[in-house]
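Quick look at structure32.pdb (PDB, C-alpha atoms):
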ATOM      1  CA  MET U   5     -20.276   0.985 -21.236
ATOM      2  CA  ARG U   6     -17.077  -0.403 -22.710
ATOM      3  CA  SER U   7     -14.883  -2.151 -20.150
ATOM      4  CA  PRO U   8     -11.298  -0.860 -19.817
ATOM      5  CA  ARG U   9      -8.530  -2.715 -21.636
ATOM      6  CA  HIS U  10      -6.424  -4.936 -19.399
ATOM      7  CA  LEU U  11      -2.676  -4.411 -19.351
ATOM      8  CA  SER U  12      -1.506  -7.907 -20.183
ATOM      9  CA  SER U  13       2.167  -7.613 -19.259
ATOM     10  CA  PRO U  14       4.419  -5.753 -16.783
ATOM     11  CA  VAL U  15       6.095  -4.088 -19.764
ATOM     12  CA  GLU U  16       2.784  -2.406 -20.610
ATOM     13  CA  VAL U  17       2.512  -1.139 -17.029
ATOM     14  CA  ALA U  18       6.033   0.296 -17.181
ATOM     15  CA  ALA U  19       5.239   1.894 -20.545
ATOM     16  CA  ALA U  20       2.083   3.471 -19.090
ATOM     17  CA  LEU U  21       4.149   4.947 -16.255
ATOM     18  CA  SER U  22       6.800   6.234 -18.655
ATOM     19  CA  ASP U  23       4.231   7.814 -20.971
ATOM     20  CA  THR U  24       3.018  10.079 -18.148
ATOM     21  CA  ALA U  25       6.440  10.945 -16.730
ATOM     22  CA  PRO U  26       7.251  14.679 -16.851
ATOM     23  CA  GLU U  27      10.297  14.195 -19.069
ATOM     24  CA  GLU U  28      12.000  11.505 -21.116
ATOM     25  CA  GLY U  29      14.199   9.257 -19.035
ATOM     26  CA  ALA U  30      12.365  10.087 -15.791
ATOM     27  CA  ILE U  31      11.752   6.358 -15.266
ATOM     28  CA  SER U  32      14.193   3.541 -15.956
ATOM     29  CA  LEU U  33      13.464  -0.163 -15.623
ATOM     30  CA  HIS U  34      14.962  -3.621 -15.697
ATOM     31  CA  LEU U  35      12.769  -6.597 -16.588
ATOM     32  CA  SER U  36      13.477 -10.192 -15.567
ATOM     33  CA  ASP U  37      11.138 -12.577 -17.367
ATOM     34  CA  TRP U  38      10.667 -16.094 -16.004
ATOM     35  CA  SER U  39       7.929 -18.640 -16.564
ATOM     36  CA  GLU U  40       4.724 -17.572 -14.722
ATOM     37  CA  LEU U  41       6.546 -14.690 -13.026
ATOM     38  CA  GLN U  42       8.131 -11.405 -14.079
ATOM     39  CA  LEU U  43      10.088  -8.937 -11.973
ATOM     40  CA  VAL U  44      10.112  -5.263 -12.973
ATOM     41  CA  GLN U  45      12.619  -3.084 -11.138
ATOM     42  CA  LEU U  46      11.731   0.601 -11.568
ATOM     43  CA  HIS U  47      13.796   3.691 -10.760
ATOM     44  CA  PHE U  48      11.747   6.901 -10.530
ATOM     45  CA  HIS U  49      14.102   9.841 -11.047
ATOM     46  CA  GLY U  50      11.558  12.634 -10.532
ATOM     47  CA  ALA U  51       7.875  13.218  -9.791
ATOM     48  CA  GLY U  52       4.748  12.272 -11.706
ATOM     49  CA  LYS U  53       1.408  10.513 -11.686
ATOM     50  CA  CYS U  54      -0.365   7.866 -13.697
ATOM     51  CA  GLU U  55      -3.705   6.097 -13.995
ATOM     52  CA  ILE U  56      -2.980   2.370 -14.323
ATOM     53  CA  ALA U  57      -5.589   0.396 -16.272
ATOM     54  CA  PRO U  58      -6.724  -2.970 -14.890
ATOM     55  CA  ILE U  59      -3.944  -5.557 -14.998
ATOM     56  CA  ALA U  60      -4.121  -9.186 -16.094
ATOM     57  CA  PHE U  61      -1.886 -10.543 -13.329
ATOM     58  CA  HIS U  62      -1.523 -10.433  -9.550
ATOM     59  CA  ALA U  63       1.139  -7.957  -8.423
ATOM     60  CA  VAL U  64       3.290  -7.639  -5.303
ATOM     61  CA  SER U  65       5.203  -4.338  -5.138
ATOM     62  CA  THR U  66       7.874  -3.240  -2.679
ATOM     63  CA  PHE U  67       9.143   0.329  -2.298
ATOM     64  CA  THR U  68      12.474   1.842  -1.265
ATOM     65  CA  GLY U  69      12.833   5.533  -0.428
ATOM     66  CA  SER U  70       9.216   6.031  -1.397
ATOM     67  CA  ALA U  71       7.576   9.444  -1.373
ATOM     68  CA  SER U  72       4.383   8.459  -3.081
ATOM     69  CA  TYR U  73       0.886   7.093  -2.714
ATOM     70  CA  MET U  74      -1.555   4.759  -4.343
ATOM     71  CA  SER U  75      -5.260   5.397  -4.406
ATOM     72  CA  GLU U  76      -8.190   3.157  -5.121
ATOM     73  CA  GLU U  77     -11.865   3.769  -5.787
ATOM     74  CA  GLY U  78     -14.393   2.349  -3.362
ATOM     75  CA  ASN U  79     -17.688   3.145  -1.633
ATOM     76  CA  GLY U  80     -18.148   6.202  -3.831
ATOM     77  CA  TYR U  81     -14.866   7.935  -2.984
ATOM     78  CA  ARG U  82     -11.144   7.636  -3.564
ATOM     79  CA  HIS U  83      -8.832   6.455  -0.781
ATOM     80  CA  PRO U  84      -5.359   8.035  -0.943
ATOM     81  CA  LEU U  85      -2.961   5.674   0.771
ATOM     82  CA  HIS U  86       0.538   6.782   1.704
ATOM     83  CA  LEU U  87       3.340   4.383   0.807
ATOM     84  CA  PRO U  88       6.188   4.639   3.322
ATOM     85  CA  ALA U  89       9.611   3.226   2.555
ATOM     86  CA  GLY U  90       9.522  -0.532   3.033
ATOM     87  CA  ALA U  91       5.806  -0.808   2.243
ATOM     88  CA  THR U  92       4.432  -3.823   0.400
ATOM     89  CA  CYS U  93       1.520  -3.304  -1.996
ATOM     90  CA  PHE U  94      -0.749  -6.147  -3.138
ATOM     91  CA  ARG U  95      -2.955  -5.721  -6.182
ATOM     92  CA  GLY U  96      -5.223  -8.405  -7.587
ATOM     93  CA  ALA U  97      -5.707  -9.176 -11.270
ATOM     94  CA  SER U  98      -8.408  -7.172 -13.095
ATOM     95  CA  THR U  99      -7.933  -4.088 -10.899
ATOM     96  CA  GLY U 100      -6.331  -0.735 -11.674
ATOM     97  CA  ALA U 101      -4.997   2.150  -9.630
ATOM     98  CA  ARG U 102      -3.837   5.733  -9.580
ATOM     99  CA  TYR U 103      -0.170   6.114  -8.659
ATOM    100  CA  VAL U 104       1.424   9.412  -7.643
ATOM    101  CA  TRP U 105       5.114   9.801  -6.872
ATOM    102  CA  THR U 106       6.572  12.990  -5.451
ATOM    103  CA  ALA U 107      10.291  12.225  -5.173
ATOM    104  CA  PRO U 108      12.926   9.830  -6.533
ATOM    105  CA  HIS U 109      12.508   6.256  -5.313
ATOM    106  CA  GLU U 110      12.677   2.635  -6.399
ATOM    107  CA  ALA U 111      10.028  -0.053  -6.706
ATOM    108  CA  SER U 112      10.084  -3.746  -7.538
ATOM    109  CA  ILE U 113       6.897  -5.192  -9.025
ATOM    110  CA  THR U 114       6.563  -8.977  -8.968
ATOM    111  CA  CYS U 115       3.917 -10.085 -11.461
ATOM    112  CA  LEU U 116       2.312 -13.498 -10.910
ATOM    113  CA  ASP U 117       0.358 -15.416 -13.519
ATOM    114  CA  PRO U 118      -3.202 -16.030 -12.200
ATOM    115  CA  GLU U 119      -2.843 -19.669 -13.289
ATOM    116  CA  LEU U 120       0.087 -20.069 -10.865
ATOM    117  CA  VAL U 121      -2.041 -18.711  -8.017
ATOM    118  CA  ARG U 122      -4.977 -20.934  -9.009
ATOM    119  CA  ARG U 123      -2.701 -23.991  -9.041
ATOM    120  CA  SER U 124      -1.304 -23.060  -5.640
ATOM    121  CA  ALA U 125      -4.868 -22.795  -4.295
ATOM    122  CA  LEU U 126      -5.639 -26.257  -5.685
ATOM    123  CA  GLU U 127      -2.506 -27.778  -4.157
ATOM    124  CA  THR U 128      -3.273 -26.342  -0.722
ATOM    125  CA  GLY U 129      -6.845 -27.662  -0.784
ATOM    126  CA  LEU U 130      -8.517 -24.235  -0.936
ATOM    127  CA  ALA U 131     -12.229 -24.363  -1.660
ATOM    128  CA  ASN U 132     -13.201 -23.033  -5.124
ATOM    129  CA  PRO U 133      -9.649 -22.635  -6.505
ATOM    130  CA  ASP U 134     -11.148 -21.458  -9.809
ATOM    131  CA  ARG U 135     -12.796 -18.505  -8.060
ATOM    132  CA  ILE U 136     -10.055 -16.483  -6.393
ATOM    133  CA  GLU U 137     -10.428 -12.850  -5.404
ATOM    134  CA  ILE U 138      -7.255 -11.126  -4.199
ATOM    135  CA  GLU U 139      -7.983  -8.068  -2.071
ATOM    136  CA  ASN U 140      -5.900  -4.961  -2.799
ATOM    137  CA  ALA U 141      -3.795  -3.937   0.199
ATOM    138  CA  PHE U 142      -1.467  -0.995   0.761
ATOM    139  CA  GLN U 143       0.779   0.456   3.440
ATOM    140  CA  GLU U 144       1.589  -2.935   4.886
ATOM    141  CA  ARG U 145       5.013  -4.219   5.833
ATOM    142  CA  ASP U 146       5.117  -7.879   4.965
ATOM    143  CA  PRO U 147       8.617  -9.160   5.864
ATOM    144  CA  VAL U 148       7.958 -12.538   4.256
ATOM    145  CA  CYS U 149       7.019 -11.074   0.875
ATOM    146  CA  ALA U 150       9.822  -8.510   1.126
ATOM    147  CA  HIS U 151      12.324 -11.322   1.719
ATOM    148  CA  LEU U 152      11.010 -13.281  -1.274
ATOM    149  CA  VAL U 153      11.166 -10.220  -3.542
ATOM    150  CA  HIS U 154      14.743  -9.530  -2.383
ATOM    151  CA  ALA U 155      15.598 -13.105  -3.340
ATOM    152  CA  LEU U 156      14.184 -12.508  -6.828
ATOM    153  CA  GLU U 157      16.186  -9.291  -7.111
ATOM    154  CA  ALA U 158      19.328 -11.264  -6.255
ATOM    155  CA  GLU U 159      18.496 -13.855  -8.922
ATOM    156  CA  ALA U 160      18.020 -11.055 -11.463
ATOM    157  CA  GLN U 161      21.504  -9.726 -10.678
ATOM    158  CA  ILE U 162      23.142 -13.155 -10.994
ATOM    159  CA  GLY U 163      21.770 -13.868 -14.446
ATOM    160  CA  PRO U 164      20.652 -17.234 -15.888
ATOM    161  CA  TYR U 165      22.200 -20.506 -14.641
ATOM    162  CA  ALA U 166      21.198 -24.164 -14.698
ATOM    163  CA  ALA U 167      19.223 -24.331 -11.444
ATOM    164  CA  GLN U 168      17.721 -20.855 -11.587
ATOM    165  CA  SER U 169      14.379 -22.012 -12.997
ATOM    166  CA  LEU U 170      13.812 -24.264  -9.964
ATOM    167  CA  VAL U 171      14.806 -21.490  -7.537
ATOM    168  CA  VAL U 172      12.480 -18.952  -9.157
ATOM    169  CA  GLN U 173       9.601 -21.437  -9.314
ATOM    170  CA  SER U 174      10.013 -22.105  -5.582
ATOM    171  CA  ILE U 175       9.935 -18.367  -4.819
ATOM    172  CA  ALA U 176       6.907 -17.905  -7.083
ATOM    173  CA  SER U 177       5.018 -20.707  -5.316
ATOM    174  CA  ALA U 178       5.877 -19.219  -1.915
ATOM    175  CA  LEU U 179       4.602 -15.776  -3.007
ATOM    176  CA  ALA U 180       1.388 -17.287  -4.375
ATOM    177  CA  SER U 181       0.781 -19.171  -1.121
ATOM    178  CA  ARG U 182       1.435 -16.027   0.934
ATOM    179  CA  ILE U 183      -1.004 -13.984  -1.157
ATOM    180  CA  LEU U 184      -3.698 -16.638  -0.845
ATOM    181  CA  ALA U 185      -3.203 -16.949   2.911
ATOM    182  CA  ARG U 186      -3.435 -13.209   3.582
ATOM    183  CA  HIS U 187      -5.473 -11.635   0.779
ATOM    184  CA  ASN U 188      -7.902 -14.117  -0.780
ATOM    185  CA  THR U 189     -11.301 -12.795   0.270
ATOM    186  CA  LEU U 190     -13.771 -14.636  -1.965
ATOM    187  CA  GLY U 191     -16.376 -16.275   0.212
ATOM    188  CA  ALA U 192     -14.933 -14.815   3.407
ATOM    189  CA  ARG U 193     -17.442 -13.144   5.668
ATOM    190  CA  ASP U 194     -16.868  -9.963   7.557
ATOM    191  CA  LYS U 195     -17.062 -11.656  10.947
ATOM    192  CA  PRO U 196     -16.817  -9.471  14.037
ATOM    193  CA  LEU U 197     -13.582  -9.940  15.954
ATOM    194  CA  HIS U 198     -14.792 -11.116  19.382
ATOM    195  CA  GLY U 199     -17.271  -8.271  19.742
ATOM    196  CA  GLY U 200     -15.290  -5.812  17.617
ATOM    197  CA  LEU U 201     -15.603  -4.646  14.031
ATOM    198  CA  GLY U 202     -15.221  -7.074  11.145
ATOM    199  CA  ILE U 203     -11.923  -7.123   9.260
ATOM    200  CA  ARG U 204     -13.303  -5.489   6.117
ATOM    201  CA  THR U 205     -15.246  -2.925   8.120
ATOM    202  CA  LEU U 206     -12.146  -1.990  10.095
ATOM    203  CA  ARG U 207     -10.149  -1.563   6.894
ATOM    204  CA  ARG U 208     -12.907   0.646   5.478
ATOM    205  CA  VAL U 209     -12.888   2.835   8.590
ATOM    206  CA  ARG U 210      -9.094   3.137   8.525
ATOM    207  CA  ALA U 211      -9.148   4.067   4.831
ATOM    208  CA  TYR U 212     -11.740   6.768   5.558
ATOM    209  CA  ILE U 213      -9.546   8.205   8.334
ATOM    210  CA  GLU U 214      -6.500   8.228   6.024
ATOM    211  CA  GLU U 215      -8.461  10.037   3.325
ATOM    212  CA  HIS U 216      -9.905  12.685   5.665
ATOM    213  CA  VAL U 217      -7.032  12.797   8.163
ATOM    214  CA  GLY U 218      -6.787  16.619   8.154
ATOM    215  CA  GLU U 219     -10.535  17.244   8.242
ATOM    216  CA  PRO U 220     -12.966  17.275  11.183
ATOM    217  CA  ILE U 221     -14.066  13.662  11.735
ATOM    218  CA  SER U 222     -16.834  12.782  14.176
ATOM    219  CA  LEU U 223     -17.902   9.511  15.733
ATOM    220  CA  ASP U 224     -21.072   9.780  13.650
ATOM    221  CA  ASP U 225     -18.953   9.881  10.466
ATOM    222  CA  LEU U 226     -16.984   6.778  11.428
ATOM    223  CA  ALA U 227     -20.039   4.900  12.669
ATOM    224  CA  ARG U 228     -21.762   5.616   9.354
ATOM    225  CA  VAL U 229     -18.763   4.219   7.411
ATOM    226  CA  ALA U 230     -18.781   1.139   9.658
ATOM    227  CA  GLY U 231     -22.531   0.692   9.318
ATOM    228  CA  VAL U 232     -23.167   0.518  13.079
ATOM    229  CA  SER U 233     -24.682   2.889  15.614
ATOM    230  CA  ARG U 234     -22.574   5.563  17.262
ATOM    231  CA  PHE U 235     -23.429   4.009  20.621
ATOM    232  CA  HIS U 236     -21.731   0.718  19.678
ATOM    233  CA  PHE U 237     -18.974   2.025  17.378
ATOM    234  CA  ALA U 238     -16.473   3.378  19.944
ATOM    235  CA  ARG U 239     -16.596   0.160  22.000
ATOM    236  CA  MET U 240     -16.298  -2.088  18.940
ATOM    237  CA  PHE U 241     -13.393  -0.037  17.563
ATOM    238  CA  ARG U 242     -11.506  -0.278  20.859
ATOM    239  CA  VAL U 243     -12.040  -4.053  20.972
ATOM    240  CA  SER U 244     -10.636  -4.354  17.437
ATOM    241  CA  THR U 245      -7.658  -1.990  17.773
ATOM    242  CA  GLY U 246      -6.941  -1.597  21.480
ATOM    243  CA  GLU U 247      -7.375   2.182  21.303
ATOM    244  CA  SER U 248     -10.132   4.752  20.978
ATOM    245  CA  PRO U 249     -11.162   6.204  17.601
ATOM    246  CA  MET U 250      -9.758   9.598  18.683
ATOM    247  CA  GLY U 251      -6.463   8.015  19.723
ATOM    248  CA  PHE U 252      -6.185   6.281  16.357
ATOM    249  CA  LEU U 253      -7.038   9.517  14.517
ATOM    250  CA  LEU U 254      -4.390  11.486  16.407
ATOM    251  CA  ARG U 255      -1.799   8.835  15.665
ATOM    252  CA  ALA U 256      -2.773   8.815  11.970
ATOM    253  CA  ARG U 257      -2.345  12.599  11.856
ATOM    254  CA  ILE U 258       1.062  12.411  13.505
ATOM    255  CA  GLU U 259       2.182   9.641  11.128
ATOM    256  CA  ARG U 260       1.117  11.803   8.183
ATOM    257  CA  GLY U 261       2.993  14.699   9.800
ATOM    258  CA  LYS U 262       6.162  12.594  10.097
ATOM    259  CA  ALA U 263       5.943  11.704   6.407
ATOM    260  CA  ARG U 264       5.477  15.378   5.445
ATOM    261  CA  LEU U 265       8.357  16.510   7.677
ATOM    262  CA  LYS U 266      10.707  14.286   5.702
ATOM    263  CA  GLU U 267      10.136  16.645   2.787
ATOM    264  CA  ARG U 268      12.203  19.816   2.762
ATOM    265  CA  ASP U 269      10.830  23.298   3.468
ATOM    266  CA  VAL U 270       7.653  22.211   5.281
ATOM    267  CA  SER U 271       6.393  24.818   7.743
ATOM    268  CA  VAL U 272       5.329  23.369  11.105
ATOM    269  CA  SER U 273       2.562  25.956  11.478
ATOM    270  CA  ARG U 274       1.215  25.180   8.004
ATOM    271  CA  LEU U 275       1.449  21.459   8.705
ATOM    272  CA  ALA U 276      -0.534  21.887  11.938
ATOM    273  CA  THR U 277      -3.364  23.504   9.959
ATOM    274  CA  GLU U 278      -3.123  20.913   7.189
ATOM    275  CA  LEU U 279      -3.512  18.075   9.695
ATOM    276  CA  GLY U 280      -6.484  19.585  11.498
ATOM    277  CA  PHE U 281      -4.859  20.667  14.783
ATOM    278  CA  ALA U 282      -6.130  23.724  16.642
ATOM    279  CA  ASP U 283      -2.777  25.501  16.303
ATOM    280  CA  GLN U 284       0.972  24.889  16.103
ATOM    281  CA  SER U 285       1.247  24.492  19.861
ATOM    282  CA  HIS U 286      -1.393  21.744  19.897
ATOM    283  CA  PHE U 287       0.376  19.923  17.065
ATOM    284  CA  THR U 288       3.773  20.228  18.757
ATOM    285  CA  ARG U 289       2.491  18.924  22.117
ATOM    286  CA  THR U 290       0.783  15.948  20.496
ATOM    287  CA  PHE U 291       3.781  15.206  18.268
ATOM    288  CA  ARG U 292       6.186  15.285  21.230
ATOM    289  CA  ARG U 293       3.925  13.010  23.282
ATOM    290  CA  LEU U 294       3.637  10.374  20.547
ATOM    291  CA  VAL U 295       7.064  10.632  18.900
ATOM    292  CA  GLY U 296       9.253  11.703  21.805
ATOM    293  CA  THR U 297      10.661  14.839  20.197
ATOM    294  CA  SER U 298       9.432  18.088  18.638
ATOM    295  CA  PRO U 299       8.461  18.377  14.956
ATOM    296  CA  LYS U 300      11.341  20.781  14.254
ATOM    297  CA  ARG U 301      13.917  18.463  15.813
ATOM    298  CA  PHE U 302      12.422  15.495  13.960
ATOM    299  CA  ALA U 303      12.764  17.427  10.674
ATOM    300  CA  ARG U 304      16.389  18.342  11.481
ATOM    301  CA  LEU U 305      17.221  14.697  12.178
ATOM    302  CA  GLN U 306      15.755  13.763   8.793
ATOM    303  CA  ASP U 307      17.889  16.414   7.070
ATOM    304  CA  ASP U 308      20.991  15.175   8.888
ATOM    305  CA  ALA U 309      20.268  11.617   7.778
ATOM    306  CA  LYS U 310      20.053  12.755   4.130
ATOM    307  CA  SER U 311      23.347  14.662   4.317
TER     308      SER U 311
END

Any chance you could give the structure as structure tokens?
Amino acid sequence: MRSPRHLSSPVEVAAALSDTAPEEGAISLHLSDWSELQLVQLHFHGAGKCEIAPIAFHAVSTFTGSASYMSEEGNGYRHPLHLPAGATCFRGASTGARYVWTAPHEASITCLDPELVRRSALETGLANPDRIEIENAFQERDPVCAHLVHALEAEAQIGPYAAQSLVVQSIASALASRILARHNTLGARDKPLHGGLGIRTLRRVRAYIEEHVGEPISLDDLARVAGVSRFHFARMFRVSTGESPMGFLLRARIERGKARLKERDVSVSRLATELGFADQSHFTRTFRRLVGTSPKRFARLQDDAKS
């Protein structure tokens, strides 16, 4: 089977997004090209979707006003992962993704040369710097990376000046170090967390819950994803997260509900069914308990904020 072509530059990624946009001019971009690092600032003016081929660089993306999701293939199924405003997305070189956007928003993609990351690993004394595997991560809020990307955005607005190369190189090195510290998984074992689930196992379970958040999910289902017995799963999950699997599932459903309520013309009764609640009353009671207000009032507050 022929391996997919790698997108070798951020411009190719932007072109791939533009090619699948519903109309010409639906996406606009600004590219800042520095040595070993490029910053692509994208403005999505409508809705669309795109399959991104594997990329030849490590990417850190931040989102503003996002109404979209990424999805990745793994364990035989696709994980749809909601991207709230302020999310930071990490994607390692040689991986692709499916990106769906449902409303206007902005994204900044910082593209790091793998050689820069390898050199950073060597300088920090990381074992096997020539064998780095960056784990894809979504839905996270990484204030350090967000701050560094904002600094790059500011440099892009200023334009070239004598010391800019040194400033950008410093930011690039800081981003590479952050990625290595948090997302380099090669050689790492999935060690249980003091009697809980391993880090990778916990992420796999959470991804499964996000994908099936509106469907009936049993302890047997989650234990099977985790690869442990049902008898041990609930205890191990609580040790790892501080809450029960059912408590986490309810919270995931309410978080999805909050995201959907930010869209206009969403029926609360339809949303209750979509999220797997017994009825509208059950959804409303749970929403009020976890959020502190009713779904309808929450939706009104969102509309007021947009006005």

So for stretch 109-128 of chain U, what box centre and size do we get, axis-aligned, 8 Å extra on each of the six sides, every listed atom, Å to one decimal, as JSON?
{"center_x": 3.5, "center_y": -10.8, "center_z": -7.1, "size_x": 34.3, "size_y": 50.0, "size_z": 28.8}

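Distance-wise, atom CA of U:Ser124 and atom CA of U:Ser174 end up 11.4 Å apart.
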
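When the PyMOL selection byres ((chain U and resi 257) around 9) is evaluated against the file, it yields Glu214, Val217, Gly218, Phe252, Leu253, Leu254, Arg255, Ala256, Ile258, Glu259, Arg260, Gly261, Lys262, Leu279, Gly280 and Phe281 of chain U.
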
Inset, instruction - Have a look at U:Val121, U:Val171, U:Ala160, U:Ile56 and name the one nearest to U:Ala185; count all atoms listed in the file. - result: U:Val121

Legend entry - Nearest-residue call for U:Val270, choices U:Ala178, U:Ala150, U:Ala303, U:Cys54, using all atoms listed in the file: U:Ala303

Inset, instruction - Excluding U:Ser273 and residues on its chain fewer than 6 positions from it, collect all residues at most 10 Å away from it, counting only C-alpha atoms, and give them as a PyMOL selection string. - result: chain U and resi 281+283-285+287-288

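Relative to atom CA of U:Ser112, atom CA of U:His34 is found at 9.5 Å.
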
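Using only C-alpha atoms, the contacts of U:Arg95 at a cut-off of 8 Å, with sequence neighbours closer than 2 positions omitted, comprise His62, Ala63, Val64, Cys93, Ala97, Thr99, Ile138, Glu139, Asn140 and Ala141 of chain U.
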
Under the PyMOL selection byres ((chain U and resi 50) around 8), which residues of this model are included? Write them out as a JSON list (two decimals) with C-alpha atoms, in the coordinates of the input.
[["chain", "number", "residue", "atom", "x", "y", "z"],
["U", 26, "PRO", "CA", 7.25, 14.68, -16.85],
["U", 30, "ALA", "CA", 12.36, 10.09, -15.79],
["U", 31, "ILE", "CA", 11.75, 6.36, -15.27],
["U", 48, "PHE", "CA", 11.75, 6.90, -10.53],
["U", 49, "HIS", "CA", 14.10, 9.84, -11.05],
["U", 51, "ALA", "CA", 7.88, 13.22, -9.79],
["U", 52, "GLY", "CA", 4.75, 12.27, -11.71],
["U", 105, "TRP", "CA", 5.11, 9.80, -6.87],
["U", 106, "THR", "CA", 6.57, 12.99, -5.45],
["U", 107, "ALA", "CA", 10.29, 12.22, -5.17],
["U", 108, "PRO", "CA", 12.93, 9.83, -6.53]]

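Between atom CA of U:Gly163 and atom CA of U:Gln42 lies a distance of 13.9 Å.
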
Inset, instruction - Evaluate the PyMOL selection byres ((chain U and resi 98) around 7) and record the selected residues as a ChimeraX atom specification, following the chain and residue labels used in the document. - result: /U:10,58-60,96-97,99-100
